[in-house]
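Data from entry_17.cif: mmCIF, C-alpha atoms
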```cif
data_upload
loop_
_atom_site.group_PDB
_atom_site.id
_atom_site.type_symbol
_atom_site.label_atom_id
_atom_site.label_comp_id
_atom_site.auth_asym_id
_atom_site.auth_seq_id
_atom_site.Cartn_x
_atom_site.Cartn_y
_atom_site.Cartn_z
ATOM 1 C CA MET A 1 0.000 0.000 0.000
ATOM 2 C CA LYS A 2 1.216 3.494 -0.814
ATOM 3 C CA SER A 3 1.434 5.771 2.189
ATOM 4 C CA ILE A 4 2.088 9.065 0.386
ATOM 5 C CA ILE A 5 1.194 10.136 -3.081
ATOM 6 C CA ASN A 6 1.340 13.657 -4.362
ATOM 7 C CA GLU A 7 1.181 15.358 -7.685
ATOM 8 C CA PRO A 8 4.075 17.603 -8.627
ATOM 9 C CA VAL A 9 3.425 21.190 -7.739
ATOM 10 C CA ILE A 10 4.794 23.857 -10.034
ATOM 11 C CA VAL A 11 5.854 26.629 -7.739
ATOM 12 C CA ASN A 12 7.277 29.997 -8.623
ATOM 13 C CA ASP A 13 7.643 31.475 -5.149
ATOM 14 C CA GLU A 14 10.725 33.476 -4.161
ATOM 15 C CA LYS A 15 12.306 30.787 -1.954
ATOM 16 C CA THR A 16 11.969 28.110 -4.637
ATOM 17 C CA THR A 17 13.476 30.447 -7.227
ATOM 18 C CA LEU A 18 16.397 31.296 -4.920
ATOM 19 C CA VAL A 19 17.159 27.628 -4.255
ATOM 20 C CA ARG A 20 16.885 26.784 -7.956
ATOM 21 C CA ASN A 21 19.321 29.610 -8.735
ATOM 22 C CA ALA A 22 21.745 28.304 -6.100
ATOM 23 C CA ILE A 23 21.587 24.809 -7.591
ATOM 24 C CA GLU A 24 22.092 26.217 -11.094
ATOM 25 C CA HIS A 25 25.159 28.052 -9.781
ATOM 26 C CA ARG A 26 26.463 24.782 -8.307
ATOM 27 C CA ALA A 27 25.851 23.030 -11.631
ATOM 28 C CA THR A 28 27.759 25.772 -13.438
ATOM 29 C CA TRP A 29 30.903 25.478 -11.340
ATOM 30 C CA PHE A 30 30.564 21.674 -11.375
ATOM 31 C CA TYR A 31 30.634 21.735 -15.179
ATOM 32 C CA LEU A 32 33.461 24.275 -15.405
ATOM 33 C CA LEU A 33 35.552 22.332 -12.899
ATOM 34 C CA LEU A 34 35.102 19.091 -14.830
ATOM 35 C CA GLU A 35 35.926 20.856 -18.098
ATOM 36 C CA GLU A 36 39.153 22.229 -16.599
ATOM 37 C CA ILE A 37 40.094 18.737 -15.393
ATOM 38 C CA ARG A 38 39.428 17.383 -18.892
ATOM 39 C CA LYS A 39 41.438 20.179 -20.552
ATOM 40 C CA ARG A 40 44.423 19.294 -18.373
ATOM 41 C CA GLY A 41 44.335 15.735 -19.682
ATOM 42 C CA MET A 42 43.016 14.117 -16.525
ATOM 43 C CA ASP A 43 40.143 11.656 -16.276
ATOM 44 C CA MET A 44 37.249 14.053 -15.778
ATOM 45 C CA GLU A 45 34.670 11.321 -15.305
ATOM 46 C CA ASP A 46 36.658 9.300 -12.761
ATOM 47 C CA ILE A 47 37.655 12.349 -10.711
ATOM 48 C CA GLY A 48 34.153 13.827 -10.881
ATOM 49 C CA ARG A 49 32.434 10.600 -9.875
ATOM 50 C CA SER A 50 34.809 10.001 -6.994
ATOM 51 C CA ALA A 51 34.421 13.512 -5.585
ATOM 52 C CA ILE A 52 30.641 13.685 -5.990
ATOM 53 C CA TYR A 53 30.143 10.201 -4.527
ATOM 54 C CA GLU A 54 32.284 11.155 -1.521
ATOM 55 C CA CYS A 55 30.192 14.300 -1.066
ATOM 56 C CA GLY A 56 27.052 12.148 -1.124
ATOM 57 C CA CYS A 57 28.535 9.802 1.483
ATOM 58 C CA PHE A 58 29.325 12.794 3.683
ATOM 59 C CA HIS A 59 25.780 14.135 3.360
ATOM 60 C CA GLY A 60 24.356 10.669 3.868
ATOM 61 C CA MET A 61 26.048 10.464 7.250
ATOM 62 C CA GLU A 62 26.022 14.082 8.386
ATOM 63 C CA ARG A 63 22.730 15.399 7.074
ATOM 64 C CA ILE A 64 20.432 12.513 6.322
ATOM 65 C CA LEU A 65 21.092 9.770 8.855
ATOM 66 C CA LYS A 66 21.726 12.112 11.785
ATOM 67 C CA ASN A 67 18.401 13.867 11.147
ATOM 68 C CA CYS A 68 16.309 10.858 10.186
ATOM 69 C CA GLU A 69 13.968 9.613 12.925
ATOM 70 C CA ASN A 70 14.255 6.009 11.722
ATOM 71 C CA PRO A 71 16.880 5.353 9.018
ATOM 72 C CA GLU A 72 15.458 1.840 8.557
ATOM 73 C CA ASP A 73 12.172 3.288 7.279
ATOM 74 C CA LEU A 74 12.037 5.095 3.936
ATOM 75 C CA ARG A 75 8.992 7.071 5.069
ATOM 76 C CA SER A 76 11.235 8.722 7.658
ATOM 77 C CA PHE A 77 14.110 9.049 5.168
ATOM 78 C CA LEU A 78 11.863 10.951 2.722
ATOM 79 C CA LYS A 79 11.274 13.748 5.242
ATOM 80 C CA VAL A 80 14.990 14.531 5.269
ATOM 81 C CA PHE A 81 15.994 13.523 1.722
ATOM 82 C CA ALA A 82 13.190 15.437 0.011
ATOM 83 C CA ASP A 83 11.830 18.106 2.301
ATOM 84 C CA GLU A 84 9.104 20.523 1.240
ATOM 85 C CA THR A 85 11.519 22.976 -0.382
ATOM 86 C CA GLY A 86 13.329 20.224 -2.278
ATOM 87 C CA GLN A 87 10.022 18.866 -3.500
ATOM 88 C CA LYS A 88 9.109 22.278 -4.882
ATOM 89 C CA VAL A 89 12.523 22.956 -6.440
ATOM 90 C CA PHE A 90 12.572 19.687 -8.377
ATOM 91 C CA GLU A 91 8.784 19.486 -8.835
ATOM 92 C CA MET A 92 8.828 16.075 -7.194
ATOM 93 C CA GLU A 93 6.005 13.615 -7.407
ATOM 94 C CA ILE A 94 6.085 11.053 -4.615
ATOM 95 C CA VAL A 95 4.922 7.989 -6.519
ATOM 96 C CA GLU A 96 5.321 5.495 -3.682
ATOM 97 C CA ASN A 97 6.620 5.767 -0.134
ATOM 98 C CA THR A 98 6.502 2.793 2.202
ATOM 99 C CA LYS A 99 8.912 1.448 4.785
ATOM 100 C CA ASP A 100 10.744 -0.487 2.037
ATOM 101 C CA LYS A 101 10.204 1.635 -1.100
ATOM 102 C CA LEU A 102 10.675 5.239 -2.069
ATOM 103 C CA TYR A 103 9.801 6.131 -5.660
ATOM 104 C CA ILE A 104 10.071 9.757 -6.690
ATOM 105 C CA ASP A 105 9.614 11.309 -10.117
ATOM 106 C CA PHE A 106 11.329 14.654 -10.637
ATOM 107 C CA HIS A 107 9.621 16.870 -13.218
ATOM 108 C CA TYR A 108 12.239 19.641 -13.236
ATOM 109 C CA CYS A 109 16.029 19.708 -12.858
ATOM 110 C CA PRO A 110 17.881 22.963 -12.183
ATOM 111 C CA LEU A 111 21.201 21.261 -13.021
ATOM 112 C CA VAL A 112 20.049 20.341 -16.539
ATOM 113 C CA SER A 113 18.581 23.825 -16.879
ATOM 114 C CA ALA A 114 21.957 25.376 -15.985
ATOM 115 C CA TRP A 115 23.863 23.174 -18.436
ATOM 116 C CA GLN A 116 21.427 24.048 -21.201
ATOM 117 C CA LYS A 117 21.819 27.771 -20.432
ATOM 118 C CA LEU A 118 25.608 27.352 -20.585
ATOM 119 C CA GLY A 119 25.288 25.838 -24.041
ATOM 120 C CA VAL A 120 26.692 22.462 -23.027
ATOM 121 C CA GLU A 121 26.447 19.986 -25.898
ATOM 122 C CA VAL A 122 23.228 17.969 -25.645
ATOM 123 C CA GLU A 123 25.163 14.687 -25.856
ATOM 124 C CA ASP A 124 27.343 15.689 -22.857
ATOM 125 C CA ILE A 125 24.475 16.448 -20.467
ATOM 126 C CA PRO A 126 23.540 12.804 -19.674
ATOM 127 C CA LEU A 127 27.085 12.084 -18.458
ATOM 128 C CA LEU A 128 27.119 15.240 -16.318
ATOM 129 C CA CYS A 129 23.761 14.220 -14.891
ATOM 130 C CA ASP A 130 24.917 10.701 -14.119
ATOM 131 C CA ILE A 131 28.041 12.003 -12.375
ATOM 132 C CA ALA A 132 25.842 14.378 -10.342
ATOM 133 C CA MET A 133 23.594 11.434 -9.420
ATOM 134 C CA ASP A 134 26.611 9.818 -7.764
ATOM 135 C CA GLY A 135 25.834 12.198 -4.895
ATOM 136 C CA ASP A 136 22.495 10.468 -4.356
ATOM 137 C CA ARG A 137 24.169 7.099 -4.818
ATOM 138 C CA GLY A 138 26.618 8.085 -2.088
ATOM 139 C CA ILE A 139 23.801 9.128 0.239
ATOM 140 C CA CYS A 140 21.989 5.835 -0.288
ATOM 141 C CA SER A 141 25.189 3.827 0.188
ATOM 142 C CA LYS A 142 25.078 4.892 3.840
ATOM 143 C CA MET A 143 21.666 3.297 4.285
ATOM 144 C CA ASP A 144 22.278 -0.355 5.080
ATOM 145 C CA GLY A 145 19.978 -2.698 3.226
ATOM 146 C CA TYR A 146 18.780 -0.318 0.511
ATOM 147 C CA GLU A 147 19.661 0.114 -3.127
ATOM 148 C CA PHE A 148 19.365 3.155 -5.361
ATOM 149 C CA ASN A 149 18.226 2.869 -8.970
ATOM 150 C CA LEU A 150 17.746 5.487 -11.612
ATOM 151 C CA GLY A 151 15.176 5.017 -14.369
ATOM 152 C CA LYS A 152 14.279 7.664 -16.896
ATOM 153 C CA VAL A 153 16.209 10.925 -16.711
ATOM 154 C CA ILE A 154 15.460 14.464 -17.835
ATOM 155 C CA ALA A 155 19.034 14.747 -19.138
ATOM 156 C CA GLN A 156 18.238 12.114 -21.753
ATOM 157 C CA GLY A 157 15.072 13.886 -22.829
ATOM 158 C CA ASP A 158 12.681 11.650 -20.900
ATOM 159 C CA GLY A 159 10.750 14.508 -19.279
ATOM 160 C CA ILE A 160 11.175 13.053 -15.768
ATOM 161 C CA CYS A 161 13.857 11.578 -13.538
ATOM 162 C CA GLU A 162 12.798 8.379 -11.838
ATOM 163 C CA ILE A 163 14.522 7.809 -8.497
ATOM 164 C CA ARG A 164 13.848 4.374 -7.033
ATOM 165 C CA ILE A 165 15.089 3.266 -3.630
ATOM 166 C CA ASP A 166 14.205 -0.262 -2.528
ATOM 167 C CA ARG A 167 15.072 -2.537 0.356
ATOM 168 C CA LYS A 168 17.522 -5.146 -0.959
ATOM 169 C CA ALA A 169 16.183 -8.663 -1.240
ATOM 170 C CA GLU A 170 17.601 -10.881 1.477
#
```

So that I can check it, write out the structure of this file as structure tokens.
Amino acid sequence: MKSIINEPVIVNDEKTTLVRNAIEHRATWFYLLLEEIRKRGMDMEDIGRSAIYECGCFHGMERILKNCENPEDLRSFLKVFADETGQKVFEMEIVENTKDKLYIDFHYCPLVSAWQKLGVEVEDIPLLCDIAMDGDRGICSKMDGYEFNLGKVIAQGDGICEIRIDRKAE
């Protein structure tokens, strides 16, 4: 049974706009940093993935798990992982949220928006997106017994990003 279902809310309030702008700024320096690494002949993807994953692990421990009432229950995890502001910023639709499943569809991505505004080649955006998703993979790696899966993604032109977190089969 699904415990929470909501439709995405398109919000244009000042706080949501400010947070979107901050995330776009982060996406801009993320892209420029990776481009500089690439220009210097280093492995941009490997370095980017490693750093972003480590950041996710840090946030998984410091922000999520320390503030989650019950880290063994994805209903509790949702409250910290996707708070009200985050839900507005990414126009999240909570598709399913039970103790063992958290399925969220994102209908907007400020990172993709920033990369498009920068004129990043369309074929490069999916890789940037996947590297950025290593942050969420890092967060989820700190949750024993759960696995993170990514379905459709806005960066590939799908119109939504499907985040799926499930309890691992025993």

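Every protein or nucleic acid residue with an atom no more than 9 Å from A:Ile139, counting only C-alpha atoms and leaving out same-chain residues fewer than 4 positions away, appears here: A:Tyr53, A:Glu54, A:Cys55, A:Gly56, A:Cys57, A:Phe58, A:His59, A:Gly60, A:Met61, A:Ile64, A:Asp134, A:Gly135, A:Met143.
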
Problem - Surrounding residues of stretch 108-118 of chain A excluding itself and chain neighbours under 3 positions, 7 Å, only C-alpha atoms, as a VMD selection string - result: chain A and resid 20 23 to 24 27 to 28 90 to 91 155

Practice task
Determine the nearest neighbour of A:Phe106 from the options A:His25, A:Lys88, A:Arg40, A:Lys168, counting only C-alpha atoms.
Solution key: A:Lys88

Exercise for the section: Select all residues near (16.1, 12.9, -23.6) (cut-off 12 Å, inclusive, file coordinates), counting all atoms listed in the file, and output them as an MDAnalysis selection string. Expected result: chainID A and resid 112 122:126 129 152:161

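Remark: for A:Tyr146, the closest of the candidate residues A:Asp130, A:Gly48, A:Asp105, A:Glu72 is A:Glu72 (distances computed over only C-alpha atoms).
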
Practice task
Go ahead and compute the interatomic distance for atom CA of A:Lys66 and atom CA of A:Tyr103, in Å to one decimal.
Solution key: 22.0 Å

Practice task
Given the file shown, enumerate the residues that the PyMOL selection byres ((chain A and resi 78-86) around 7) captures and present them as a count of residues only.
Solution key: 12

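One distance worth recording is that between atom CA of A:Leu127 and atom CA of A:Cys140, which is 19.9 Å.
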
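You can rank A:Ile165, A:Lys142, A:Asp13, A:Glu36 by their closest distance to A:Glu62 using all atoms listed in the file, and at the top of that list sits A:Lys142.
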
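Reported to one decimal place, the separation of atom CA of A:Ser141 from atom CA of A:Leu65 is 11.3 Å.
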
Practice task
Starting from the shown file, work through the PyMOL selection byres ((chain A and resi 167) around 7) and note down what comes out as a ChimeraX atom specification.
Solution key: /A:100-101,145-147,166,168-169

Please produce an output containing C-alpha atoms for each residue in the selection, written as a PDB file, keeping the file's coordinate frame.
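Below is the file that was written, result_25.pdb:
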```
ATOM      1  CA  ASP A 100      10.744  -0.487   2.037  1.00  0.00           C
ATOM      2  CA  LYS A 101      10.204   1.635  -1.100  1.00  0.00           C
ATOM      3  CA  GLY A 145      19.978  -2.698   3.226  1.00  0.00           C
ATOM      4  CA  TYR A 146      18.780  -0.318   0.511  1.00  0.00           C
ATOM      5  CA  GLU A 147      19.661   0.114  -3.127  1.00  0.00           C
ATOM      6  CA  ASP A 166      14.205  -0.262  -2.528  1.00  0.00           C
ATOM      7  CA  LYS A 168      17.522  -5.146  -0.959  1.00  0.00           C
ATOM      8  CA  ALA A 169      16.183  -8.663  -1.240  1.00  0.00           C
TER       9      ALA A 169
END
```

Box dimensions and centre (Å, one decimal) enclosing stretch 31-38 of chain A, axis-aligned, 6 Å extra per side, as AutoDock Vina command-line options:
```
--center_x 35.4 --center_y 20.8 --center_z -15.9 --size_x 21.5 --size_y 18.9 --size_z 18.0
```

Fill in the blank from the handout: If you count only C-alpha atoms, the residue of A:Ser50, A:Asn70, A:Thr17, A:Thr98 closest to A:Ala132 turns out to be A:Ser50

Problem - For A:Ile47: contacts at 9 Å, all atoms listed in the file, fewer than 4 positions along chain excluded, given as a PyMOL selection string - result: chain A and resi 34+37+42-43+51-52
